[in-house]
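Report on the following structure.
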Amino acid sequence: MTGGGAATLPMNPALAHALEQHGVVPSPSDGGAPSTRGSGRGAGSSARTKTSVHALAMHPSLPRAAYLAQESAAPPPAAGSPSNKKKSAASAIKQSTTILSQTLVVQQYDKGGSHSKGSGEILASLSMEKLPPKMNAFRRPRSRSTKSTNQPLTLASLGQLISLVFLDREALFWQTARRQYGSFSNLEAGGALVDENGKGVVIQPDTDLNGVEGVMGRGVCLGLQFRSILVVLQFDTTASDGFAILCCLEGQRQNVGKEMKVQYTPTSAVVPVTNSVLVYGCSDGAMRFHNLAPSMLYSSNADAEGGASKSSKQIRQATIKSVRGPNGRNDPVVKIVCLDPAYHENHSRDTPLGVPTQVGGDASAESNAATLLLCSRLLTVCSSGVAFLWDVRIAVDRASGALRDMNVLPPLVRLDGLGSLTLSPRKPPTSNPQARAAGFWGKAVTAKSKDGGTEAPYSSRMAPPISYDPHRHLLFWALPSEAPVSSIDHQGDYELESLVPGSMLATKETEDKEYLRDWAQQNGGFVKVWDMSLADGLVRSSAAASSTPRPPPKIPPVTIAKLPTSVSSAESPLSMALGLCHTPISASPLACTTISRDGTKLLVMAAPSHDTYDLYDGEEGGYSASESPLKNKRKQISALEVMPKVLFVEYSAQHRVALAGGSMSPFVRGYAVSASHFTPDSVAVATDRGVKVASLALGGEWASKLQPLGNPGSKAVGDLVFGEEEADTEAASSSPPVAPVHAIMSTGGVSNRPGVVFVENNAVYASRLGTTRSSNLVEKVDLPEPTMLCKLHAKEAPWTTTRSTRTSHFAESSQSTKCPPRLISSPSGRYLCLYWEGTKSYEIVHASSLLAREQAAAGPANASDGAGQHLTPSVDSGNQVLSFAWIGDDDNFAILRKPADLISASPDEGREFADMQLPAAKGKQGKPQVELYKLAEVTIDAVELAAGATVAAATTVSLGSLAVRGGDRVTPTVLFGGPSLCVGCCAMSEREESGEGIAYFYSRKSGALETNDVRAAAYGTIGTSIPYPDQVAWDEDGRLCAVSYGSRVAIYLSDETQFILLGAVAVGRSDNDLSLVSLKFIHGALYCSTPTSVHAIFLGNLEKEDSVCELDAFAIATDGVPLYGTDNPDISSPTPVVSALTQPHVLAYHSGGLLVSTACGLRLLPLSHPIIRIGTLLAANLTERARRWIFAVPKSEHDNLARFLIRRGHADMAIRDLSGLSLELYIDLCMLNLRTDELEHMINTHGLDLVLEIADWGRGMNETYSAFLAIGLHMIGQGRVEIAKKLIGWATESGVNELQVDAMKLARYLSESTPSEGGALLIKTAGAMDFNADGQLAFVNVV
């Protein structure tokens, strides 16, 4: 004890480390008492500093994250006596923290979660102290009658940064209506290559305001939302301070009587409409459209009153339109959401009956040669909790990219986000200070002032957590755990008949409300889901019901899911990420990614959606006997009778990622998340140790990788560095999904339409594809009226119905949500394998039995009943299977099974194990085994069927285990089916996998083919080994084999004696080395897909063995937004449609397009570009149909098309059908392909003019023969002496010395075969030459 003070003891090292991790380090001067981290920057050396992350945002498509790192200091608590402890708690609230610094950071991360090159790179950073001076310089009065809202801005007057939004070129595409059109270009999709007169049109690159200053989309561009000001800034490395202000939106002060009031204050974040137009919500209940660039609209009302016409150009930034909602001025707009799907949705442009015309603009605006019309839908969310859906139509000038016109239709539908608790329209807010202090979700939720005003649930500082899924057209709205039960009661959204008091129905409804109240207890919040695809039908039905204008109809949610109490409450927009389509689970369930209540874990929750919920019989507890509820719902909507009932379900945990532990700090707390629907498996988490990006999936399985970005707690914000912690590198398989989740089963059946089979809720469904409109856009393909074919073997239904009311269903989940199986059709099409990657299990079903049920008029769900069918579709199933593959054409298959399951297998599973070769050697134990089986189908006249018994459609017979080449030195890891079985193995090094892979093809030996021996012992390796492949695919004839390695595809030609490499080609972007997801041959053309793109590969001539097979690869659809000027629809390099595709698998051709299966449903990709269409037709040997497309190509593109046809082996077609070929290319084609008659005809037709035209060809320094001499020698070699004589004669007459010299050379060659004629030509040519006095020709080398 010294100086009268208390003795100090050394601090525990573990506690000191924990305090240091949270930014409080022990000071050696005071014996380990906590002190500040850093200098304090004026706050005093005893102040406690803390660095936090605010306004976190993920880029829609690129691996980027933006956040605000704020360092603050709080004064230390005042030392006092114990009697003052009660006062210290109250005074601590009044103590304000001092903000030391704020830094805006844009940082890059790695999608895979690993530390690759460029990972963690800071793309841009800005000290917020530099922002107010730049904003003050940008602000200026808009007109004489208005003035800026505030005095010169400071960082304190700006307030806290509320939200961030990316506004670069890629972000603008995915956040605007452009994403449903698939192109950033203002030109027609596919390219209008000819004008009305049939002449070629010069195609210009995109004119999306190139060269115009002040627009968004250049470099790194961000939109910032402060308390009452919106800012759009662009990071500019050429500027002195590194950034530029593009836009500053704030309220205006206007004289209202004797008072000066602030009006039009922004209350929501900016939402881009185009790259020059923004929309934002205001305090007066309106949404305002602001244009940053010159347009063809008048700039303001003042300009219009001053005599400016509507056709005059806007010359500066201006608010071009203001639209107020039905709630009036007392309901500010606190959030605006773009509700355009990621695929084309053809909204009817006819105004529905009873709906007024649009607000302003030309009602007859349509896309034409000069104007591009973009249709977009916006959702405005008001502070009262009510939302309105608007239809906005934007007319863009194709030539300049400027805005021509903008029309806004009245609101289509209304959404009550708070159910029956929604008060709309609102009265002015209450002045009761107690009600304001309690807040909307507190005890004063229903408190009203004397004037009837109520406290608004939302504001500009606290916007509702709303998310829109553009893949499924679903809107998600989260409510906190404090929300009363009335906020999830949507019975008022339905038009119901009143019930007689005291009746049985009224009594039941009272009991239903009590059930809902009990169900809502013990919750962690609620998530409401609206199906926005039902909006158009609701608008039409509402308009048809009344011929007079009516308020917008209410659309109820389709699902309300309850969150468990283990998650953090949905109190802010960044509290959870809603509706993400994670790869390891199906796209049908409703996912919610959030933080646990204690902040230590990232949780992925899931609940069944309204589409996958199956209606159960309350008494029997089984499936509905006739049809699925999806079919019932479609019938109800089409008949305009009732809206679908609300489904009440509960969320269940699917995956957890620990934010602390392991190599990371043991004390980490997360408090905010951000994610994008276009990169759903990467989630940014704001923690007290900085920003971390969680990679939730690798391939088709869950992962738990964390990549730290900024670690603001490690150093001062001004010196922000990357995270010092190492990422959790949990091992996970990165192999792509083995097959699609949809399968084409047949082309017969109902209306002879293709049948699509898929699996939901452990049952197999089938639907027939309708006729889809062929267009140049990506379209969603619906599966109308799906029919349940059968329940899977030994599978329980995942959902059960607990109660049904007049407007809702309550369901409980009996198991966790799983991804639907991958569907692998057998080569014969008679069987379908369902393979679950997560559980490593499979089931084989009989296709004919399924289709027989699909074609039946009606019947129960079990295949053993109805229509005389006695064959059960399920024929085989198994577990612990690492890989599955079909072999050959006889419905044999191979599985890669774990050895433990191999030993424990029993004959009860329906297999014959008489020939099973169990591993006896110890070296073989513990390694997967390749087992071969065949399916023996029962005959129709079997005794069991005749007696009425129910039997399986086929019996599985074991063929034994395959002896893998390499023995103990390799471990088989994957199987690829086809005419020959491909087994991929990992090499073993000292009993450990070395990472090097190898693969062999296995086929039956020649002797086994003669004796029809199908046992595994009859198989042997053929050919040499190949490197470990990612994908293997065979064509329909079994001649062509495609193998992929990363993003490169190699194609082999296989015959009885050899395996020849035809060529290889790389697909995808050069900066992206993603492995291919699928390979598929369709009628001679090869289609392949990466996780986000689809490509077509056309092969060359396969008939000539001595010719080279040239390959051409074209991207059909991709998620990469092209750079400026590169989306030019050229015939030789077609521009792919830009679309969001998740794990696409190519299925088949359909309605003139390419049908692909994605994790979010079926999509139809356009094949309308001439070069793509011609390539597909030629690959399928449909030559005459290809010629129709060739004739339609303008002559200006004939040279490029001819080169494409030559590489396909159709040079004769290019010579015969392309009349616009250049002279040089036509002559080359005739000479190379020995088309002497065509060449002779052309020479005879044009004569001397042709000779003069080619006089200068081939006379360069390194040229051996001129074009004239080469043509003449070619004609002599082909025996066309007469045409050679004519060429010599025309050259002699031309008077061109060079031609006359070539004529002498040609006559010299001709004299070898005909001396008399050649000599006479030599004399004639020499006589025509102009020699000088020395007997020389000027500037001509005769030799």
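Identifiers for the structure tokens are assigned positionally: chains receive A, B, ... in sequence, residues are indexed from 1 per chain, and ligands are indexed from 1 in the order shown.
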
Within 9 Å of A:Ala686 using only C-alpha atoms, minus same-chain residues under 4 positions, as a ChimeraX atom specification: /A:52-54,56,67,669-674,690-693

Writer output for current selection, N, CA, C and O atoms, as a CSV table (one decimal), in the first residue's frame:
```
chain,number,residue,atom,x,y,z
A,52,SER,N,-16.9,0.4,-33.6
A,52,SER,CA,-18.0,-0.3,-34.0
A,52,SER,C,-18.2,-0.2,-35.5
A,52,SER,O,-17.7,0.7,-36.2
A,53,VAL,N,-19.0,-1.1,-36.1
A,53,VAL,CA,-19.3,-1.1,-37.5
A,53,VAL,C,-20.8,-0.7,-37.7
A,53,VAL,O,-21.7,-1.2,-37.0
A,54,HIS,N,-21.0,0.2,-38.6
A,54,HIS,CA,-22.4,0.7,-38.9
A,54,HIS,C,-22.6,0.6,-40.4
A,54,HIS,O,-21.7,0.6,-41.2
A,56,LEU,N,-23.8,-1.6,-42.6
A,56,LEU,CA,-23.2,-2.7,-43.4
A,56,LEU,C,-24.0,-3.0,-44.7
A,56,LEU,O,-25.2,-3.0,-44.6
A,67,TYR,N,-19.0,-0.7,-45.4
A,67,TYR,CA,-19.4,-0.5,-44.0
A,67,TYR,C,-18.7,0.8,-43.5
A,67,TYR,O,-17.7,1.3,-44.1
A,669,ARG,N,-19.1,-11.1,-30.6
A,669,ARG,CA,-20.5,-10.9,-30.6
A,669,ARG,C,-20.9,-10.2,-31.9
A,669,ARG,O,-20.4,-9.2,-32.3
A,670,GLY,N,-21.8,-10.9,-32.6
A,670,GLY,CA,-22.4,-10.3,-33.9
A,670,GLY,C,-23.7,-9.6,-33.6
A,670,GLY,O,-24.4,-9.9,-32.7
A,671,TYR,N,-23.9,-8.5,-34.4
A,671,TYR,CA,-25.1,-7.7,-34.2
A,671,TYR,C,-25.8,-7.3,-35.5
A,671,TYR,O,-26.9,-6.7,-35.4
A,672,ALA,N,-25.3,-7.6,-36.6
A,672,ALA,CA,-25.9,-7.2,-37.9
A,672,ALA,C,-25.4,-8.1,-39.0
A,672,ALA,O,-24.3,-8.6,-38.9
A,673,VAL,N,-26.3,-8.4,-39.9
A,673,VAL,CA,-26.0,-9.2,-41.1
A,673,VAL,C,-26.4,-8.5,-42.3
A,673,VAL,O,-27.3,-7.7,-42.3
A,674,SER,N,-25.8,-8.8,-43.4
A,674,SER,CA,-26.1,-8.3,-44.8
A,674,SER,C,-25.8,-9.4,-45.8
A,674,SER,O,-24.8,-10.0,-45.7
A,690,GLY,N,-15.0,-6.6,-35.8
A,690,GLY,CA,-14.9,-6.3,-37.2
A,690,GLY,C,-15.9,-7.0,-38.1
A,690,GLY,O,-16.8,-7.6,-37.6
A,691,VAL,N,-15.7,-6.9,-39.4
A,691,VAL,CA,-16.7,-7.5,-40.3
A,691,VAL,C,-16.1,-8.9,-40.8
A,691,VAL,O,-14.9,-9.0,-41.1
A,692,LYS,N,-17.0,-9.9,-40.7
A,692,LYS,CA,-16.6,-11.2,-41.2
A,692,LYS,C,-17.6,-11.6,-42.3
A,692,LYS,O,-18.8,-11.4,-42.2
A,693,VAL,N,-17.1,-12.3,-43.3
A,693,VAL,CA,-17.9,-12.9,-44.3
A,693,VAL,C,-18.0,-14.4,-44.2
A,693,VAL,O,-16.9,-15.1,-44.2
```

Surrounding residues of A:Val1077 excluding itself and chain neighbours under 5 positions, 8 Å, only C-alpha atoms, as a PyMOL selection string: chain A and resi 736-738+1031+1088-1091+1143-1145

Residues from last step as file, all heavy atoms, as a compact mmCIF listing (two decimals), in the first residue's frame:
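Produced file result.txt, reproduced below:
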```txt
# COMPACT_ATOMS: atom_id res chain seq x y z
N PRO A 736 -19.59 -30.01 -57.43
CA PRO A 736 -20.88 -29.46 -57.82
C PRO A 736 -21.96 -30.52 -57.73
O PRO A 736 -21.68 -31.71 -57.64
CB PRO A 736 -20.63 -29.03 -59.28
CG PRO A 736 -19.54 -29.94 -59.75
CD PRO A 736 -18.67 -30.19 -58.57
N PRO A 737 -23.22 -30.09 -57.70
CA PRO A 737 -24.32 -31.06 -57.69
C PRO A 737 -24.24 -32.00 -58.89
O PRO A 737 -23.87 -31.60 -59.99
CB PRO A 737 -25.57 -30.17 -57.76
CG PRO A 737 -25.13 -28.86 -57.20
CD PRO A 737 -23.70 -28.71 -57.61
N VAL A 738 -24.59 -33.26 -58.66
CA VAL A 738 -24.37 -34.28 -59.69
C VAL A 738 -25.43 -34.24 -60.78
O VAL A 738 -25.20 -34.75 -61.88
CB VAL A 738 -24.35 -35.68 -59.04
CG1 VAL A 738 -23.17 -35.81 -58.11
CG2 VAL A 738 -25.65 -35.96 -58.27
N GLN A 1031 -16.51 -33.28 -64.70
CA GLN A 1031 -17.74 -33.77 -65.31
C GLN A 1031 -17.39 -34.62 -66.52
O GLN A 1031 -16.39 -34.37 -67.20
CB GLN A 1031 -18.64 -32.60 -65.75
CG GLN A 1031 -19.15 -31.73 -64.63
CD GLN A 1031 -20.23 -32.39 -63.81
OE1 GLN A 1031 -20.92 -33.29 -64.30
NE2 GLN A 1031 -20.39 -31.96 -62.57
N CYS A 1088 -22.96 -26.66 -71.70
CA CYS A 1088 -22.33 -26.78 -70.39
C CYS A 1088 -22.71 -25.57 -69.56
O CYS A 1088 -23.14 -24.53 -70.08
CB CYS A 1088 -20.81 -26.89 -70.52
SG CYS A 1088 -20.03 -25.51 -71.37
N SER A 1089 -22.56 -25.70 -68.26
CA SER A 1089 -22.96 -24.62 -67.36
C SER A 1089 -21.99 -24.53 -66.20
O SER A 1089 -21.48 -25.54 -65.70
CB SER A 1089 -24.38 -24.84 -66.83
OG SER A 1089 -24.46 -26.04 -66.07
N THR A 1090 -21.72 -23.31 -65.79
CA THR A 1090 -20.99 -23.01 -64.57
C THR A 1090 -22.03 -22.75 -63.48
O THR A 1090 -23.24 -22.79 -63.75
CB THR A 1090 -20.07 -21.80 -64.76
OG1 THR A 1090 -20.89 -20.63 -64.90
CG2 THR A 1090 -19.22 -21.97 -65.99
N PRO A 1091 -21.64 -22.46 -62.25
CA PRO A 1091 -22.67 -22.17 -61.23
C PRO A 1091 -23.55 -20.98 -61.55
O PRO A 1091 -24.62 -20.84 -60.95
CB PRO A 1091 -21.82 -21.91 -59.98
CG PRO A 1091 -20.59 -22.71 -60.18
CD PRO A 1091 -20.31 -22.64 -61.63
N GLN A 1143 -26.90 -22.59 -59.99
CA GLN A 1143 -26.63 -24.00 -60.28
C GLN A 1143 -27.49 -24.50 -61.46
O GLN A 1143 -28.28 -25.43 -61.32
CB GLN A 1143 -26.89 -24.87 -59.04
CG GLN A 1143 -26.09 -24.49 -57.82
CD GLN A 1143 -24.61 -24.82 -57.97
OE1 GLN A 1143 -24.23 -25.68 -58.74
NE2 GLN A 1143 -23.78 -24.13 -57.19
N PRO A 1144 -27.37 -23.90 -62.64
CA PRO A 1144 -28.20 -24.34 -63.76
C PRO A 1144 -27.73 -25.68 -64.34
O PRO A 1144 -26.53 -25.94 -64.46
CB PRO A 1144 -28.03 -23.21 -64.78
CG PRO A 1144 -26.67 -22.65 -64.48
CD PRO A 1144 -26.47 -22.79 -63.00
N HIS A 1145 -28.69 -26.53 -64.68
CA HIS A 1145 -28.45 -27.80 -65.37
C HIS A 1145 -29.30 -27.81 -66.64
O HIS A 1145 -30.51 -27.56 -66.59
CB HIS A 1145 -28.83 -28.99 -64.49
CG HIS A 1145 -27.84 -29.27 -63.40
ND1 HIS A 1145 -27.75 -28.50 -62.28
CD2 HIS A 1145 -26.92 -30.25 -63.25
CE1 HIS A 1145 -26.80 -28.98 -61.48
NE2 HIS A 1145 -26.29 -30.03 -62.05
```

Residues within 12 Å of A:Thr565, only C-alpha atoms, excluding chain neighbours under 3 positions, as a ChimeraX atom specification: /A:480-482,520-526,562,568-570,595-598,650-653

Strand (DSSP E or B) residues, from DSSP on the backbone, in stretch 221-291 of chain A, as a ChimeraX atom specification: /A:221-225,229-235,243-250,252-256,259-263,266,271-272,277-282,286-291

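Minimum distance to A:Gly1209 across A:Leu1111, A:Cys986, A:Ala1017, A:His1241 (counting only C-alpha atoms) occurs at A:Leu1111.
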